[in-house]
Structures are given as C-alpha cells and as structure tokens.
Amino acid sequence: RLVKSIDAVVYCGDVKSARLLRDAEVEKADILFAVTGSDSVNLWAASVAKAKLGIPKVVVRVNQRENVEKARSAGADVVVCLEELAAERLIEAVVQPDYRFLLRREGFAVAAVRVPPDSKLVGASTSTLREKGLSVVAVLRGSTWLAGHEDHVFESDDEVVVAGPEEKVSKLIEEVFE
C-alpha cells in the first residue's frame, strides 16, 4: 500500500538484516522512521540509525510510555508514544470538551478553544492574544468563520483556533478555564 501512495522506494524485510540495510543504502537517508509494532525493534533501529549509520533525523514509534526515554537515549529525535496519544485524546474528549489540541510538535501547538460565557476572554480582542505571542488562525462564531488576522472582539461560545509556542497555548487554555 505504501508504494502506491507515495513516491518512494520501499524495501520490505527484517530491519535487523545488514544486507537489507546495505541494499537499501540506509546510510544515505535524511530521515529514518522506526514504526514497526515492536518497541524493541524500533529502539534497536534508532540506535543503529544514529550511532552506526549517522542518519540525521530519526523518528521512533513506541507503544509503551516507559520506552519514551529509552528511545531518546537510543538516538531518536522525535518519539511518538501511542499510549500517551491515546490517553491525551481520551482526556481531551471526555474531561475537556471545550478545547482540543489539533497539533503538538517540537514545542509548537495549534488548539481550538471554545470561549465559555464566564471567561475573561469574553469582550477581549484578538489583538490581546497576539500580544501574548499567539497567532489567531480563525474565529468560528456560529457557522461563520472570521479571519484570524483581523481584529475581533470575542463573544461567548466563539471557537478560537490559536497557534504558537506550546507553553503559551497551554497557558491561554488555563486562563480561559480558570
């Protein structure tokens, strides 16, 4: 399926096979994705990719939270933990339905936040968020999208899509719901 969906050469086989790695010329790769279903295989692949092959960027998938630090120690630049992602999505869906992170990557985040009626954000303008170092992507008011680069005054139940440093996006969410 992968071969049909992207323009790439795909080698199928055991990632621990020196011959397969040699045939695939893995050492020339700019990035390696270690995304098998086995944490131990992915950790091994990350270690070989960084230490022996000098691949500049390594992305590792792990299933168990306790393997995140092991992946970083093995040389992973980016670690995706399925257990953590599943837990975050469950919490966001059940406990915090008034906001959701749309993207979190390397310290950057995009979130959609519903403005509650009792929030300090009601009556504030989009420029207030820009002053806090956030970009307002858009404001959804009812069924109307308002451009984020324009100045708008927030109303109760507006859904605001913001982007910026993850720390600042998280702080905004805390402020909105305190």
# chains A, B, ... in the order shown; residues from 1 in each chain; ligands from 1
$ residues_around --residues "region 131-141 of chain A" --least-positions-apart "2" --cutoff "12 Å" --atoms "only C-alpha atoms" --output "PyMOL selection string"
chain A and resi 108-115+124-129+143-173+175
$ residues_around --residues "region 74-82 of chain A" --least-positions-apart "6" --cutoff "8 Å" --atoms "only C-alpha atoms" --output "PDB file with all heavy atoms, in the first residue's frame"
ATOM      1  N   LEU A  43      13.551   0.604  18.911  1.00  0.00           N
ATOM      2  CA  LEU A  43      14.667   1.130  19.705  1.00  0.00           C
ATOM      3  C   LEU A  43      15.992   0.694  19.086  1.00  0.00           C
ATOM      4  O   LEU A  43      16.931   1.486  18.981  1.00  0.00           O
ATOM      5  CB  LEU A  43      14.573   0.655  21.157  1.00  0.00           C
ATOM      6  CG  LEU A  43      13.373   1.181  21.946  1.00  0.00           C
ATOM      7  CD1 LEU A  43      13.265   0.481  23.294  1.00  0.00           C
ATOM      8  CD2 LEU A  43      13.432   2.679  22.124  1.00  0.00           C
ATOM      9  N   TRP A  44      16.075  -0.561  18.660  1.00  0.00           N
ATOM     10  CA  TRP A  44      17.288  -1.061  18.023  1.00  0.00           C
ATOM     11  C   TRP A  44      17.558  -0.279  16.733  1.00  0.00           C
ATOM     12  O   TRP A  44      18.686   0.159  16.487  1.00  0.00           O
ATOM     13  CB  TRP A  44      17.139  -2.559  17.719  1.00  0.00           C
ATOM     14  CG  TRP A  44      18.347  -3.119  17.037  1.00  0.00           C
ATOM     15  CD1 TRP A  44      19.462  -3.631  17.622  1.00  0.00           C
ATOM     16  CD2 TRP A  44      18.565  -3.183  15.627  1.00  0.00           C
ATOM     17  NE1 TRP A  44      20.354  -4.020  16.663  1.00  0.00           N
ATOM     18  CE2 TRP A  44      19.834  -3.749  15.424  1.00  0.00           C
ATOM     19  CE3 TRP A  44      17.812  -2.821  14.522  1.00  0.00           C
ATOM     20  CZ2 TRP A  44      20.359  -3.960  14.163  1.00  0.00           C
ATOM     21  CZ3 TRP A  44      18.334  -3.021  13.256  1.00  0.00           C
ATOM     22  CH2 TRP A  44      19.596  -3.591  13.085  1.00  0.00           C
ATOM     23  N   ALA A  46      16.626   2.713  15.905  1.00  0.00           N
ATOM     24  CA  ALA A  46      17.043   4.083  16.213  1.00  0.00           C
ATOM     25  C   ALA A  46      18.514   4.127  16.598  1.00  0.00           C
ATOM     26  O   ALA A  46      19.265   4.996  16.153  1.00  0.00           O
ATOM     27  CB  ALA A  46      16.186   4.655  17.337  1.00  0.00           C
ATOM     28  N   SER A  47      18.914   3.180  17.417  1.00  0.00           N
ATOM     29  CA  SER A  47      20.298   3.124  17.871  1.00  0.00           C
ATOM     30  C   SER A  47      21.255   2.923  16.699  1.00  0.00           C
ATOM     31  O   SER A  47      22.258   3.626  16.566  1.00  0.00           O
ATOM     32  CB  SER A  47      20.441   1.985  18.885  1.00  0.00           C
ATOM     33  OG  SER A  47      21.773   1.865  19.284  1.00  0.00           O
ATOM     34  N   ALA A  49      20.611   3.500  13.492  1.00  0.00           N
ATOM     35  CA  ALA A  49      20.487   4.636  12.570  1.00  0.00           C
ATOM     36  C   ALA A  49      21.365   5.805  12.997  1.00  0.00           C
ATOM     37  O   ALA A  49      22.031   6.428  12.161  1.00  0.00           O
ATOM     38  CB  ALA A  49      19.031   5.076  12.474  1.00  0.00           C
ATOM     39  N   LYS A  50      21.376   6.115  14.283  1.00  0.00           N
ATOM     40  CA  LYS A  50      22.162   7.250  14.771  1.00  0.00           C
ATOM     41  C   LYS A  50      23.637   6.898  14.932  1.00  0.00           C
ATOM     42  O   LYS A  50      24.509   7.560  14.378  1.00  0.00           O
ATOM     43  CB  LYS A  50      21.614   7.742  16.121  1.00  0.00           C
ATOM     44  CG  LYS A  50      20.471   8.689  16.011  1.00  0.00           C
ATOM     45  CD  LYS A  50      20.890   9.989  15.363  1.00  0.00           C
ATOM     46  CE  LYS A  50      19.764  10.981  15.472  1.00  0.00           C
ATOM     47  NZ  LYS A  50      20.070  12.281  14.950  1.00  0.00           N
ATOM     48  N   ALA A  51      23.913   5.854  15.713  1.00  0.00           N
ATOM     49  CA  ALA A  51      25.292   5.549  16.096  1.00  0.00           C
ATOM     50  C   ALA A  51      26.122   4.979  14.951  1.00  0.00           C
ATOM     51  O   ALA A  51      27.287   5.351  14.781  1.00  0.00           O
ATOM     52  CB  ALA A  51      25.301   4.589  17.285  1.00  0.00           C
ATOM     53  N   LYS A  57      18.125  12.474  11.175  1.00  0.00           N
ATOM     54  CA  LYS A  57      16.875  12.579  11.926  1.00  0.00           C
ATOM     55  C   LYS A  57      16.227  11.204  12.025  1.00  0.00           C
ATOM     56  O   LYS A  57      16.064  10.524  11.020  1.00  0.00           O
ATOM     57  CB  LYS A  57      15.921  13.566  11.271  1.00  0.00           C
ATOM     58  CG  LYS A  57      14.679  13.829  12.104  1.00  0.00           C
ATOM     59  CD  LYS A  57      14.049  15.153  11.756  1.00  0.00           C
ATOM     60  CE  LYS A  57      12.974  15.471  12.760  1.00  0.00           C
ATOM     61  NZ  LYS A  57      12.590  16.822  12.781  1.00  0.00           N
ATOM     62  N   VAL A  58      15.869  10.839  13.255  1.00  0.00           N
ATOM     63  CA  VAL A  58      15.258   9.537  13.500  1.00  0.00           C
ATOM     64  C   VAL A  58      13.959   9.736  14.266  1.00  0.00           C
ATOM     65  O   VAL A  58      13.935  10.399  15.304  1.00  0.00           O
ATOM     66  CB  VAL A  58      16.209   8.618  14.303  1.00  0.00           C
ATOM     67  CG1 VAL A  58      15.535   7.296  14.649  1.00  0.00           C
ATOM     68  CG2 VAL A  58      17.498   8.373  13.521  1.00  0.00           C
ATOM     69  N   VAL A  59      12.879   9.179  13.724  1.00  0.00           N
ATOM     70  CA  VAL A  59      11.564   9.233  14.352  1.00  0.00           C
ATOM     71  C   VAL A  59      11.220   7.821  14.815  1.00  0.00           C
ATOM     72  O   VAL A  59      11.317   6.881  14.024  1.00  0.00           O
ATOM     73  CB  VAL A  59      10.486   9.744  13.374  1.00  0.00           C
ATOM     74  CG1 VAL A  59       9.110   9.753  14.022  1.00  0.00           C
ATOM     75  CG2 VAL A  59      10.857  11.138  12.855  1.00  0.00           C
ATOM     76  N   VAL A  60      10.834   7.690  16.078  1.00  0.00           N
ATOM     77  CA  VAL A  60      10.554   6.372  16.638  1.00  0.00           C
ATOM     78  C   VAL A  60       9.152   6.327  17.212  1.00  0.00           C
ATOM     79  O   VAL A  60       8.739   7.231  17.939  1.00  0.00           O
ATOM     80  CB  VAL A  60      11.570   6.023  17.756  1.00  0.00           C
ATOM     81  CG1 VAL A  60      11.211   4.717  18.439  1.00  0.00           C
ATOM     82  CG2 VAL A  60      12.971   5.949  17.181  1.00  0.00           C
ATOM     83  N   ARG A  61       8.460   5.238  16.898  1.00  0.00           N
ATOM     84  CA  ARG A  61       7.146   4.963  17.485  1.00  0.00           C
ATOM     85  C   ARG A  61       7.358   3.960  18.614  1.00  0.00           C
ATOM     86  O   ARG A  61       8.061   2.970  18.437  1.00  0.00           O
ATOM     87  CB  ARG A  61       6.225   4.354  16.442  1.00  0.00           C
ATOM     88  CG  ARG A  61       4.976   3.738  17.034  1.00  0.00           C
ATOM     89  CD  ARG A  61       4.287   2.863  16.029  1.00  0.00           C
ATOM     90  NE  ARG A  61       3.542   1.835  16.722  1.00  0.00           N
ATOM     91  CZ  ARG A  61       2.761   0.971  16.131  1.00  0.00           C
ATOM     92  NH1 ARG A  61       2.623   1.001  14.831  1.00  0.00           N
ATOM     93  NH2 ARG A  61       2.135   0.072  16.809  1.00  0.00           N
ATOM     94  N   VAL A  62       6.779   4.262  19.782  1.00  0.00           N
ATOM     95  CA  VAL A  62       6.759   3.285  20.872  1.00  0.00           C
ATOM     96  C   VAL A  62       5.320   3.130  21.335  1.00  0.00           C
ATOM     97  O   VAL A  62       4.520   4.062  21.253  1.00  0.00           O
ATOM     98  CB  VAL A  62       7.675   3.677  22.057  1.00  0.00           C
ATOM     99  CG1 VAL A  62       9.141   3.657  21.648  1.00  0.00           C
ATOM    100  CG2 VAL A  62       7.305   5.019  22.644  1.00  0.00           C
ATOM    101  N   ASN A  63       5.013   1.938  21.810  1.00  0.00           N
ATOM    102  CA  ASN A  63       3.665   1.671  22.309  1.00  0.00           C
ATOM    103  C   ASN A  63       3.533   1.990  23.781  1.00  0.00           C
ATOM    104  O   ASN A  63       2.473   2.419  24.234  1.00  0.00           O
ATOM    105  CB  ASN A  63       3.305   0.198  22.068  1.00  0.00           C
ATOM    106  CG  ASN A  63       3.259  -0.125  20.591  1.00  0.00           C
ATOM    107  OD1 ASN A  63       2.495   0.473  19.850  1.00  0.00           O
ATOM    108  ND2 ASN A  63       4.083  -1.050  20.153  1.00  0.00           N
ATOM    109  N   GLN A  64       4.601   1.768  24.536  1.00  0.00           N
ATOM    110  CA  GLN A  64       4.562   1.915  25.985  1.00  0.00           C
ATOM    111  C   GLN A  64       5.282   3.178  26.442  1.00  0.00           C
ATOM    112  O   GLN A  64       6.394   3.465  25.996  1.00  0.00           O
ATOM    113  CB  GLN A  64       5.205   0.692  26.658  1.00  0.00           C
ATOM    114  CG  GLN A  64       4.591  -0.634  26.234  1.00  0.00           C
ATOM    115  CD  GLN A  64       3.119  -0.722  26.589  1.00  0.00           C
ATOM    116  OE1 GLN A  64       2.708  -0.314  27.670  1.00  0.00           O
ATOM    117  NE2 GLN A  64       2.313  -1.240  25.663  1.00  0.00           N
ATOM    118  N   ARG A  65       4.672   3.886  27.366  1.00  0.00           N
ATOM    119  CA  ARG A  65       5.206   5.136  27.896  1.00  0.00           C
ATOM    120  C   ARG A  65       6.620   4.955  28.468  1.00  0.00           C
ATOM    121  O   ARG A  65       7.463   5.835  28.356  1.00  0.00           O
ATOM    122  CB  ARG A  65       4.242   5.647  28.963  1.00  0.00           C
ATOM    123  CG  ARG A  65       4.545   7.019  29.475  1.00  0.00           C
ATOM    124  CD  ARG A  65       3.457   7.489  30.408  1.00  0.00           C
ATOM    125  NE  ARG A  65       2.269   7.731  29.606  1.00  0.00           N
ATOM    126  CZ  ARG A  65       1.061   7.920  30.101  1.00  0.00           C
ATOM    127  NH1 ARG A  65       0.863   7.890  31.388  1.00  0.00           N
ATOM    128  NH2 ARG A  65       0.038   8.139  29.318  1.00  0.00           N
ATOM    129  N   VAL A  68       9.689   5.708  26.157  1.00  0.00           N
ATOM    130  CA  VAL A  68       9.949   7.027  25.561  1.00  0.00           C
ATOM    131  C   VAL A  68      11.386   7.458  25.835  1.00  0.00           C
ATOM    132  O   VAL A  68      12.118   7.847  24.916  1.00  0.00           O
ATOM    133  CB  VAL A  68       8.950   8.083  26.075  1.00  0.00           C
ATOM    134  CG1 VAL A  68       9.361   9.487  25.653  1.00  0.00           C
ATOM    135  CG2 VAL A  68       7.541   7.764  25.589  1.00  0.00           C
TER     136      VAL A  68
END
$ select_by_dssp --residues "region 20-173 of chain A" --states "strand (DSSP E)" --output "VMD selection string"
chain A and resid 31 to 34 57 to 62 78 to 81 99 to 105 108 to 114 135 to 141 144 to 147 159 to 165
$ write_last_selection --atoms "N, CA and C atoms" --output "short mmCIF file (atom, residue, chain, number, x, y, z; two decimals), in the first residue's frame"
data_model
loop_
_atom_site.label_atom_id
_atom_site.label_comp_id
_atom_site.auth_asym_id
_atom_site.auth_seq_id
_atom_site.Cartn_x
_atom_site.Cartn_y
_atom_site.Cartn_z
N ILE A 31 16.25 10.85 6.81
CA ILE A 31 15.38 10.58 7.95
C ILE A 31 15.02 9.10 7.96
N LEU A 32 14.92 8.53 9.15
CA LEU A 32 14.51 7.15 9.29
C LEU A 32 13.31 7.10 10.23
N PHE A 33 12.26 6.43 9.81
CA PHE A 33 11.08 6.22 10.64
C PHE A 33 11.12 4.78 11.14
N ALA A 34 11.24 4.60 12.45
CA ALA A 34 11.20 3.26 13.05
C ALA A 34 9.80 3.10 13.63
N LYS A 57 18.13 12.47 11.17
CA LYS A 57 16.87 12.58 11.93
C LYS A 57 16.23 11.20 12.02
N VAL A 58 15.87 10.84 13.25
CA VAL A 58 15.26 9.54 13.50
C VAL A 58 13.96 9.74 14.27
N VAL A 59 12.88 9.18 13.72
CA VAL A 59 11.56 9.23 14.35
C VAL A 59 11.22 7.82 14.81
N VAL A 60 10.83 7.69 16.08
CA VAL A 60 10.55 6.37 16.64
C VAL A 60 9.15 6.33 17.21
N ARG A 61 8.46 5.24 16.90
CA ARG A 61 7.15 4.96 17.49
C ARG A 61 7.36 3.96 18.61
N VAL A 62 6.78 4.26 19.78
CA VAL A 62 6.76 3.29 20.87
C VAL A 62 5.32 3.13 21.33
N VAL A 78 12.60 12.43 17.45
CA VAL A 78 11.17 12.58 17.70
C VAL A 78 10.65 11.22 18.17
N VAL A 79 9.89 11.23 19.28
CA VAL A 79 9.30 9.99 19.79
C VAL A 79 7.79 10.16 19.81
N VAL A 80 7.10 9.22 19.19
CA VAL A 80 5.64 9.21 19.20
C VAL A 80 5.23 8.02 20.06
N CYS A 81 4.53 8.31 21.16
CA CYS A 81 4.11 7.25 22.07
C CYS A 81 2.61 7.04 21.95
N TYR A 99 -11.93 22.42 24.72
CA TYR A 99 -10.73 22.71 23.92
C TYR A 99 -10.13 21.40 23.45
N ARG A 100 -9.34 21.50 22.39
CA ARG A 100 -8.61 20.33 21.92
C ARG A 100 -7.37 20.80 21.16
N PHE A 101 -6.29 20.07 21.38
CA PHE A 101 -5.07 20.34 20.63
C PHE A 101 -5.21 19.69 19.26
N LEU A 102 -5.00 20.47 18.23
CA LEU A 102 -5.07 19.97 16.87
C LEU A 102 -3.70 19.48 16.41
N LEU A 103 -2.65 20.07 17.01
CA LEU A 103 -1.28 19.71 16.64
C LEU A 103 -0.35 20.08 17.79
N ARG A 104 0.57 19.20 18.10
CA ARG A 104 1.66 19.50 19.03
C ARG A 104 2.91 18.88 18.45
N ARG A 105 3.90 19.71 18.19
CA ARG A 105 5.13 19.20 17.60
C ARG A 105 6.30 20.09 17.99
N PHE A 108 5.70 23.42 19.53
CA PHE A 108 4.71 24.25 18.84
C PHE A 108 3.35 23.58 18.97
N ALA A 109 2.29 24.38 19.07
CA ALA A 109 0.95 23.80 19.21
C ALA A 109 -0.08 24.64 18.48
N VAL A 110 -1.14 23.94 18.04
CA VAL A 110 -2.33 24.57 17.49
C VAL A 110 -3.50 23.99 18.27
N ALA A 111 -4.38 24.86 18.77
CA ALA A 111 -5.52 24.39 19.57
C ALA A 111 -6.77 25.14 19.17
N ALA A 112 -7.90 24.44 19.34
CA ALA A 112 -9.22 25.06 19.17
C ALA A 112 -9.81 25.20 20.57
N VAL A 113 -10.21 26.42 20.93
CA VAL A 113 -10.70 26.71 22.28
C VAL A 113 -12.07 27.37 22.19
N ARG A 114 -13.05 26.78 22.88
CA ARG A 114 -14.38 27.40 22.95
C ARG A 114 -14.37 28.39 24.11
N SER A 135 -0.73 33.37 17.61
CA SER A 135 -1.36 33.72 16.35
C SER A 135 -2.80 33.25 16.40
N VAL A 136 -3.72 34.11 15.99
CA VAL A 136 -5.12 33.71 15.89
C VAL A 136 -5.32 33.27 14.45
N VAL A 137 -5.59 31.98 14.27
CA VAL A 137 -5.76 31.43 12.93
C VAL A 137 -7.14 31.79 12.41
N ALA A 138 -8.16 31.59 13.26
CA ALA A 138 -9.53 31.89 12.86
C ALA A 138 -10.41 31.91 14.10
N VAL A 139 -11.58 32.51 13.94
CA VAL A 139 -12.60 32.50 14.98
C VAL A 139 -13.88 31.98 14.32
N LEU A 140 -14.46 30.94 14.92
CA LEU A 140 -15.73 30.41 14.42
C LEU A 140 -16.83 30.94 15.33
N ARG A 141 -17.71 31.74 14.76
CA ARG A 141 -18.84 32.31 15.51
C ARG A 141 -20.11 31.77 14.87
N THR A 144 -20.14 31.00 11.10
CA THR A 144 -19.35 31.95 10.32
C THR A 144 -17.89 31.93 10.77
N TRP A 145 -16.98 31.77 9.80
CA TRP A 145 -15.55 31.85 10.09
C TRP A 145 -15.10 33.29 9.93
N LEU A 146 -14.44 33.80 10.95
CA LEU A 146 -13.87 35.14 10.90
C LEU A 146 -12.36 35.01 10.76
N ALA A 147 -11.77 35.81 9.89
CA ALA A 147 -10.33 35.72 9.64
C ALA A 147 -9.55 36.08 10.90
N GLU A 159 -15.44 29.81 18.91
CA GLU A 159 -14.37 28.83 18.92
C GLU A 159 -13.18 29.49 18.26
N VAL A 160 -12.09 29.57 19.01
CA VAL A 160 -10.90 30.28 18.56
C VAL A 160 -9.81 29.25 18.25
N VAL A 161 -9.23 29.34 17.07
CA VAL A 161 -8.11 28.49 16.71
C VAL A 161 -6.85 29.33 16.85
N VAL A 162 -5.98 28.91 17.78
CA VAL A 162 -4.74 29.65 18.06
C VAL A 162 -3.53 28.77 17.79
N ALA A 163 -2.42 29.42 17.46
CA ALA A 163 -1.17 28.71 17.21
C ALA A 163 -0.03 29.48 17.87
N GLY A 164 0.97 28.74 18.30
CA GLY A 164 2.14 29.37 18.90
C GLY A 164 2.93 28.39 19.72
N PRO A 165 3.86 28.89 20.51
CA PRO A 165 4.63 28.01 21.38
C PRO A 165 3.67 27.23 22.29
#
$ residues_around --residues "Leu53 (chain A)" --least-positions-apart "6" --cutoff "9 Å" --atoms "only C-alpha atoms" --output "PyMOL selection string"
chain A and resi 26-28
$ write_last_selection --atoms "C-alpha atoms" --output "tab-separated table (two decimals), in the first residue's frame"
chain	number	residue	atom	x	y	z
A	26	VAL	CA	20.05	3.41	4.50
A	27	GLU	CA	23.20	5.36	5.40
A	28	LYS	CA	22.24	7.90	2.67
$ residues_around --residues "Phe177 (chain A)" --least-positions-apart "6" --cutoff "9 Å" --atoms "only C-alpha atoms" --output "list in words"
Asp98, Val115, Pro116, Asp118, Ser119 and Lys120 of chain A
$ write_last_selection --atoms "N, CA and C atoms" --output "mmCIF file, in the first residue's frame"
data_model
loop_
_atom_site.group_PDB
_atom_site.id
_atom_site.type_symbol
_atom_site.label_atom_id
_atom_site.label_comp_id
_atom_site.auth_asym_id
_atom_site.auth_seq_id
_atom_site.Cartn_x
_atom_site.Cartn_y
_atom_site.Cartn_z
ATOM 1 N N ASP A 98 -14.176 21.495 25.924
ATOM 2 C CA ASP A 98 -14.186 22.884 25.483
ATOM 3 C C ASP A 98 -12.904 23.313 24.767
ATOM 4 N N VAL A 115 -14.861 29.606 23.866
ATOM 5 C CA VAL A 115 -14.874 30.654 24.882
ATOM 6 C C VAL A 115 -16.109 30.480 25.771
ATOM 7 N N PRO A 116 -15.906 30.095 27.049
ATOM 8 C CA PRO A 116 -17.061 29.939 27.948
ATOM 9 C C PRO A 116 -17.666 31.302 28.309
ATOM 10 N N ASP A 118 -18.340 32.700 31.091
ATOM 11 C CA ASP A 118 -17.756 33.395 32.240
ATOM 12 C C ASP A 118 -16.255 33.634 32.093
ATOM 13 N N SER A 119 -15.718 33.454 30.892
ATOM 14 C CA SER A 119 -14.282 33.585 30.662
ATOM 15 C C SER A 119 -13.857 35.043 30.584
ATOM 16 N N LYS A 120 -12.625 35.298 30.992
ATOM 17 C CA LYS A 120 -12.029 36.633 30.863
ATOM 18 C C LYS A 120 -11.836 37.015 29.394
#
$ select_by_dssp --residues "region 19-91 of chain A" --states "alpha helix (DSSP H)" --output "PyMOL selection string"
chain A and resi 19-23+39-47+68-73+82-91
$ atom_distance --atom1 "CA of Gly54 (chain A)" --atom2 "CA of Thr36 (chain A)"
20.4 Å
